[in-house]
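Structure first, then comments.
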Amino acid sequence: MLPLDYRFPADIAQLRLIRGQVRESLEGNGLASEALNRILLVLDEIVSNAIEHGQHYRIGGGELHVQLSMQERDLVLDFFDLDVPEELVKQLAELLTASAGRPPDLLAERGRGLFLIDDAFDEVRIDVAPRGGMHLQGRVLRVFD
């Protein structure tokens, strides 16, 4: 049942477990398969990017934190990575805003993740988390009728 709250080490082996738990929980809440697949795809992108890129700044094996909740008829995903340096959070927020609704350059080696995240959610934002680090919040509108 919603809300769901997962805290886990920034280890790629955890991704499959989290994905399975989220799938099972959201299916049990009656989430339509299209919305479920959008959430799982973006969750995979967010977590795998945090693990891959976090190797450069992560201190002490910090945890990642995913929350899923229902707010009215919307599904909300909150992702926290408290090890992300504030300057990087601000850069990601600017890149997300700048790339909103535009596919990445086909010749670019990177940048598809932010497009995928922006495309999967009806509303998305990246902010500095209250205790530092990154807070990404995405909202899929009207998934629960």
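Convention: chains lettered A, B, ... in structure tokens order; per-chain residue numbering from 1; ligands numbered from 1 as shown.
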Determine which residues of stretch 33-110 of chain A DSSP labels as helix (DSSP H, G or I) from the backbone of this structure, then write them out as number ranges by chain. A: 33-54, 86-99
Kindly export the residues of the current selection with N, CA and C atoms, as an mmCIF file, in the first residue's frame.
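Wrote it out as selection07.cif, contents follow:
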data_model
loop_
_atom_site.group_PDB
_atom_site.id
_atom_site.type_symbol
_atom_site.label_atom_id
_atom_site.label_comp_id
_atom_site.auth_asym_id
_atom_site.auth_seq_id
_atom_site.Cartn_x
_atom_site.Cartn_y
_atom_site.Cartn_z
ATOM 1 N N SER A 33 -0.827 -0.331 -16.038
ATOM 2 C CA SER A 33 0.484 -0.799 -16.483
ATOM 3 C C SER A 33 1.295 0.293 -17.179
ATOM 4 N N GLU A 34 0.658 1.198 -17.928
ATOM 5 C CA GLU A 34 1.408 2.271 -18.591
ATOM 6 C C GLU A 34 2.089 3.176 -17.569
ATOM 7 N N ALA A 35 1.356 3.598 -16.554
ATOM 8 C CA ALA A 35 1.938 4.449 -15.510
ATOM 9 C C ALA A 35 2.991 3.684 -14.715
ATOM 10 N N LEU A 36 2.736 2.416 -14.441
ATOM 11 C CA LEU A 36 3.694 1.589 -13.712
ATOM 12 C C LEU A 36 5.004 1.493 -14.481
ATOM 13 N N ASN A 37 4.924 1.244 -15.777
ATOM 14 C CA ASN A 37 6.134 1.137 -16.581
ATOM 15 C C ASN A 37 6.894 2.459 -16.633
ATOM 16 N N ARG A 38 6.187 3.583 -16.690
ATOM 17 C CA ARG A 38 6.839 4.897 -16.665
ATOM 18 C C ARG A 38 7.609 5.078 -15.364
ATOM 19 N N ILE A 39 6.970 4.731 -14.257
ATOM 20 C CA ILE A 39 7.613 4.884 -12.948
ATOM 21 C C ILE A 39 8.832 3.979 -12.835
ATOM 22 N N LEU A 40 8.709 2.740 -13.254
ATOM 23 C CA LEU A 40 9.839 1.810 -13.153
ATOM 24 C C LEU A 40 11.006 2.238 -14.044
ATOM 25 N N LEU A 41 10.701 2.730 -15.237
ATOM 26 C CA LEU A 41 11.750 3.187 -16.139
ATOM 27 C C LEU A 41 12.508 4.362 -15.540
ATOM 28 N N VAL A 42 11.764 5.330 -15.030
ATOM 29 C CA VAL A 42 12.423 6.516 -14.487
ATOM 30 C C VAL A 42 13.134 6.187 -13.165
ATOM 31 N N LEU A 43 12.569 5.312 -12.366
ATOM 32 C CA LEU A 43 13.236 4.886 -11.134
ATOM 33 C C LEU A 43 14.574 4.230 -11.468
ATOM 34 N N ASP A 44 14.571 3.380 -12.473
ATOM 35 C CA ASP A 44 15.798 2.721 -12.904
ATOM 36 C C ASP A 44 16.838 3.754 -13.347
ATOM 37 N N GLU A 45 16.404 4.745 -14.103
ATOM 38 C CA GLU A 45 17.310 5.791 -14.594
ATOM 39 C C GLU A 45 17.886 6.618 -13.444
ATOM 40 N N ILE A 46 17.016 7.037 -12.539
ATOM 41 C CA ILE A 46 17.445 7.881 -11.420
ATOM 42 C C ILE A 46 18.436 7.142 -10.523
ATOM 43 N N VAL A 47 18.077 5.929 -10.139
ATOM 44 C CA VAL A 47 18.918 5.179 -9.202
ATOM 45 C C VAL A 47 20.235 4.769 -9.859
ATOM 46 N N SER A 48 20.181 4.272 -11.091
ATOM 47 C CA SER A 48 21.438 3.854 -11.729
ATOM 48 C C SER A 48 22.363 5.049 -11.963
ATOM 49 N N ASN A 49 21.802 6.219 -12.327
ATOM 50 C CA ASN A 49 22.645 7.413 -12.476
ATOM 51 C C ASN A 49 23.247 7.841 -11.145
ATOM 52 N N ALA A 50 22.465 7.785 -10.077
ATOM 53 C CA ALA A 50 22.988 8.155 -8.755
ATOM 54 C C ALA A 50 24.132 7.237 -8.351
ATOM 55 N N ILE A 51 23.990 5.968 -8.661
ATOM 56 C CA ILE A 51 25.046 5.015 -8.299
ATOM 57 C C ILE A 51 26.286 5.240 -9.170
ATOM 58 N N GLU A 52 26.080 5.346 -10.485
ATOM 59 C CA GLU A 52 27.214 5.529 -11.405
ATOM 60 C C GLU A 52 27.952 6.836 -11.149
ATOM 61 N N HIS A 53 27.225 7.941 -11.135
ATOM 62 C CA HIS A 53 27.871 9.242 -10.990
ATOM 63 C C HIS A 53 28.273 9.533 -9.543
ATOM 64 N N GLY A 54 27.611 8.892 -8.612
ATOM 65 C CA GLY A 54 27.910 9.108 -7.206
ATOM 66 C C GLY A 54 29.257 8.583 -6.770
ATOM 67 N N GLU A 86 26.010 20.440 -3.444
ATOM 68 C CA GLU A 86 24.996 21.454 -3.747
ATOM 69 C C GLU A 86 25.195 22.060 -5.136
ATOM 70 N N GLU A 87 26.417 22.312 -5.521
ATOM 71 C CA GLU A 87 26.678 22.898 -6.838
ATOM 72 C C GLU A 87 26.209 21.972 -7.957
ATOM 73 N N LEU A 88 26.394 20.677 -7.782
ATOM 74 C CA LEU A 88 25.945 19.711 -8.786
ATOM 75 C C LEU A 88 24.412 19.656 -8.835
ATOM 76 N N VAL A 89 23.764 19.751 -7.687
ATOM 77 C CA VAL A 89 22.292 19.774 -7.650
ATOM 78 C C VAL A 89 21.794 20.963 -8.463
ATOM 79 N N LYS A 90 22.398 22.110 -8.271
ATOM 80 C CA LYS A 90 21.982 23.316 -9.002
ATOM 81 C C LYS A 90 22.211 23.151 -10.506
ATOM 82 N N GLN A 91 23.324 22.537 -10.885
ATOM 83 C CA GLN A 91 23.605 22.292 -12.309
ATOM 84 C C GLN A 91 22.559 21.354 -12.911
ATOM 85 N N LEU A 92 22.228 20.291 -12.186
ATOM 86 C CA LEU A 92 21.217 19.346 -12.682
ATOM 87 C C LEU A 92 19.857 20.014 -12.835
ATOM 88 N N ALA A 93 19.494 20.851 -11.865
ATOM 89 C CA ALA A 93 18.219 21.576 -11.939
ATOM 90 C C ALA A 93 18.192 22.482 -13.163
ATOM 91 N N GLU A 94 19.294 23.168 -13.432
ATOM 92 C CA GLU A 94 19.372 24.046 -14.604
ATOM 93 C C GLU A 94 19.307 23.241 -15.902
ATOM 94 N N LEU A 95 20.004 22.119 -15.949
ATOM 95 C CA LEU A 95 19.970 21.271 -17.143
ATOM 96 C C LEU A 95 18.574 20.712 -17.386
ATOM 97 N N LEU A 96 17.894 20.317 -16.314
ATOM 98 C CA LEU A 96 16.532 19.809 -16.445
ATOM 99 C C LEU A 96 15.611 20.878 -17.015
ATOM 100 N N THR A 97 15.726 22.087 -16.490
ATOM 101 C CA THR A 97 14.905 23.197 -16.980
ATOM 102 C C THR A 97 15.237 23.514 -18.440
ATOM 103 N N ALA A 98 16.514 23.549 -18.769
ATOM 104 C CA ALA A 98 16.939 23.899 -20.124
ATOM 105 C C ALA A 98 16.531 22.848 -21.149
ATOM 106 N N SER A 99 16.464 21.594 -20.738
ATOM 107 C CA SER A 99 16.168 20.525 -21.689
ATOM 108 C C SER A 99 14.698 20.122 -21.697
#
DSSP on the backbone, strand (DSSP E or B) only: what residues of chain A does that give? Format it as a PyMOL selection string. chain A and resi 4-9+63-71+74-81+123-128+134-140
Let me see the file: selected residues, N, CA and C atoms, as a CSV table (one decimal), in the first residue's frame.
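The result, stored in part-v2.csv:
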chain,number,residue,atom,x,y,z
A,4,LEU,N,5.0,4.3,0.1
A,4,LEU,CA,6.2,3.4,0.2
A,4,LEU,C,7.4,4.2,0.5
A,5,ASP,N,8.3,3.6,1.2
A,5,ASP,CA,9.5,4.3,1.6
A,5,ASP,C,10.7,3.3,1.6
A,6,TYR,N,11.7,3.5,0.8
A,6,TYR,CA,12.8,2.6,0.6
A,6,TYR,C,14.1,3.4,0.9
A,7,ARG,N,14.9,2.9,1.7
A,7,ARG,CA,16.3,3.4,2.0
A,7,ARG,C,17.2,2.2,1.7
A,8,PHE,N,18.3,2.5,0.9
A,8,PHE,CA,19.1,1.4,0.5
A,8,PHE,C,20.5,1.9,0.1
A,9,PRO,N,21.5,1.0,0.2
A,9,PRO,CA,22.9,1.5,-0.1
A,9,PRO,C,23.0,1.8,-1.6
A,63,GLU,N,23.4,6.3,1.7
A,63,GLU,CA,22.2,5.7,1.3
A,63,GLU,C,21.4,6.5,0.2
A,64,LEU,N,20.6,5.8,-0.5
A,64,LEU,CA,19.7,6.5,-1.4
A,64,LEU,C,18.3,6.3,-0.8
A,65,HIS,N,17.4,7.1,-1.1
A,65,HIS,CA,16.1,7.1,-0.5
A,65,HIS,C,15.0,7.4,-1.5
A,66,VAL,N,14.0,6.4,-1.7
A,66,VAL,CA,12.9,6.6,-2.6
A,66,VAL,C,11.6,6.5,-1.8
A,67,GLN,N,10.8,7.5,-2.1
A,67,GLN,CA,9.4,7.5,-1.5
A,67,GLN,C,8.4,7.6,-2.6
A,68,LEU,N,7.3,6.8,-2.5
A,68,LEU,CA,6.2,6.9,-3.5
A,68,LEU,C,5.0,7.1,-2.7
A,69,SER,N,4.2,8.1,-3.1
A,69,SER,CA,3.0,8.4,-2.4
A,69,SER,C,1.9,8.8,-3.3
A,70,MET,N,0.7,8.8,-2.8
A,70,MET,CA,-0.5,9.2,-3.6
A,70,MET,C,-0.9,10.6,-3.0
A,71,GLN,N,-1.0,11.6,-3.8
A,71,GLN,CA,-1.5,12.9,-3.4
A,71,GLN,C,-2.7,13.2,-4.3
A,74,ASP,N,-2.8,11.8,-7.9
A,74,ASP,CA,-1.5,11.8,-8.5
A,74,ASP,C,-0.6,10.9,-7.8
A,75,LEU,N,0.3,10.3,-8.5
A,75,LEU,CA,1.4,9.5,-8.0
A,75,LEU,C,2.7,10.3,-7.9
A,76,VAL,N,3.3,10.4,-6.7
A,76,VAL,CA,4.4,11.3,-6.5
A,76,VAL,C,5.6,10.4,-6.1
A,77,LEU,N,6.7,10.6,-6.8
A,77,LEU,CA,8.0,9.9,-6.5
A,77,LEU,C,8.9,11.0,-6.0
A,78,ASP,N,9.5,10.7,-4.8
A,78,ASP,CA,10.5,11.6,-4.2
A,78,ASP,C,11.8,10.7,-4.1
A,79,PHE,N,12.9,11.3,-4.6
A,79,PHE,CA,14.2,10.6,-4.6
A,79,PHE,C,15.2,11.5,-3.9
A,80,PHE,N,15.9,11.0,-2.9
A,80,PHE,CA,16.9,11.7,-2.2
A,80,PHE,C,18.3,11.0,-2.3
A,81,ASP,N,19.3,11.8,-2.6
A,81,ASP,CA,20.7,11.4,-2.6
A,81,ASP,C,21.4,12.5,-1.8
A,123,GLU,N,5.1,16.5,-14.0
A,123,GLU,CA,5.7,17.6,-13.3
A,123,GLU,C,7.0,17.0,-12.7
A,124,VAL,N,8.1,17.7,-12.8
A,124,VAL,CA,9.3,17.2,-12.2
A,124,VAL,C,10.2,18.4,-11.8
A,125,ARG,N,10.9,18.3,-10.7
A,125,ARG,CA,11.8,19.3,-10.3
A,125,ARG,C,13.0,18.7,-9.5
A,126,ILE,N,14.1,19.4,-9.5
A,126,ILE,CA,15.3,19.0,-8.7
A,126,ILE,C,15.6,20.2,-7.8
A,127,ASP,N,15.8,19.9,-6.5
A,127,ASP,CA,16.1,20.9,-5.6
A,127,ASP,C,17.2,20.4,-4.6
A,128,VAL,N,17.8,21.3,-3.9
A,128,VAL,CA,18.7,21.0,-2.8
A,128,VAL,C,17.8,20.5,-1.7
A,134,MET,N,20.6,16.1,-2.9
A,134,MET,CA,19.6,16.3,-4.0
A,134,MET,C,18.2,15.7,-3.6
A,135,HIS,N,17.2,16.4,-4.0
A,135,HIS,CA,15.8,16.0,-3.9
A,135,HIS,C,15.2,16.1,-5.3
A,136,LEU,N,14.8,15.0,-5.9
A,136,LEU,CA,14.1,15.0,-7.1
A,136,LEU,C,12.7,14.6,-6.8
A,137,GLN,N,11.7,15.4,-7.3
A,137,GLN,CA,10.3,15.0,-7.1
A,137,GLN,C,9.7,15.0,-8.5
A,138,GLY,N,9.0,13.9,-8.8
A,138,GLY,CA,8.3,13.8,-10.0
A,138,GLY,C,6.8,13.4,-9.7
A,139,ARG,N,5.9,13.9,-10.5
A,139,ARG,CA,4.5,13.7,-10.3
A,139,ARG,C,3.9,13.2,-11.6
A,140,VAL,N,3.2,12.1,-11.5
A,140,VAL,CA,2.4,11.6,-12.6
A,140,VAL,C,0.9,11.9,-12.3
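Residues in contact with A:Ser25 at 10 Å, where only C-alpha atoms are counted and same-chain residues fewer than 6 positions away are skipped, are listed as Met1, Leu2, Pro3, Leu4, Arg19, Leu31 and Leu68 of chain A.
Ranking A:Leu15, A:Ala32, A:Arg58, A:Leu82 by their shortest atom-to-atom distance to A:Gly133, with only C-alpha atoms included, puts A:Leu82 first.
In this structure, atom CA of A:Arg142 sits 4.8 Å away from atom CA of A:Arg73.
Reported to one decimal place, the separation of atom CA of A:Gly113 from atom CA of A:Gly30 is 27.3 Å.
The closest residue to A:Pro85, picked from A:Leu116, A:Gly28, A:Gln14, A:Tyr57 and counting only C-alpha atoms, is A:Tyr57.
Separating atom CA of A:Gln55 from atom CA of A:Arg23 is a distance of 26.9 Å.
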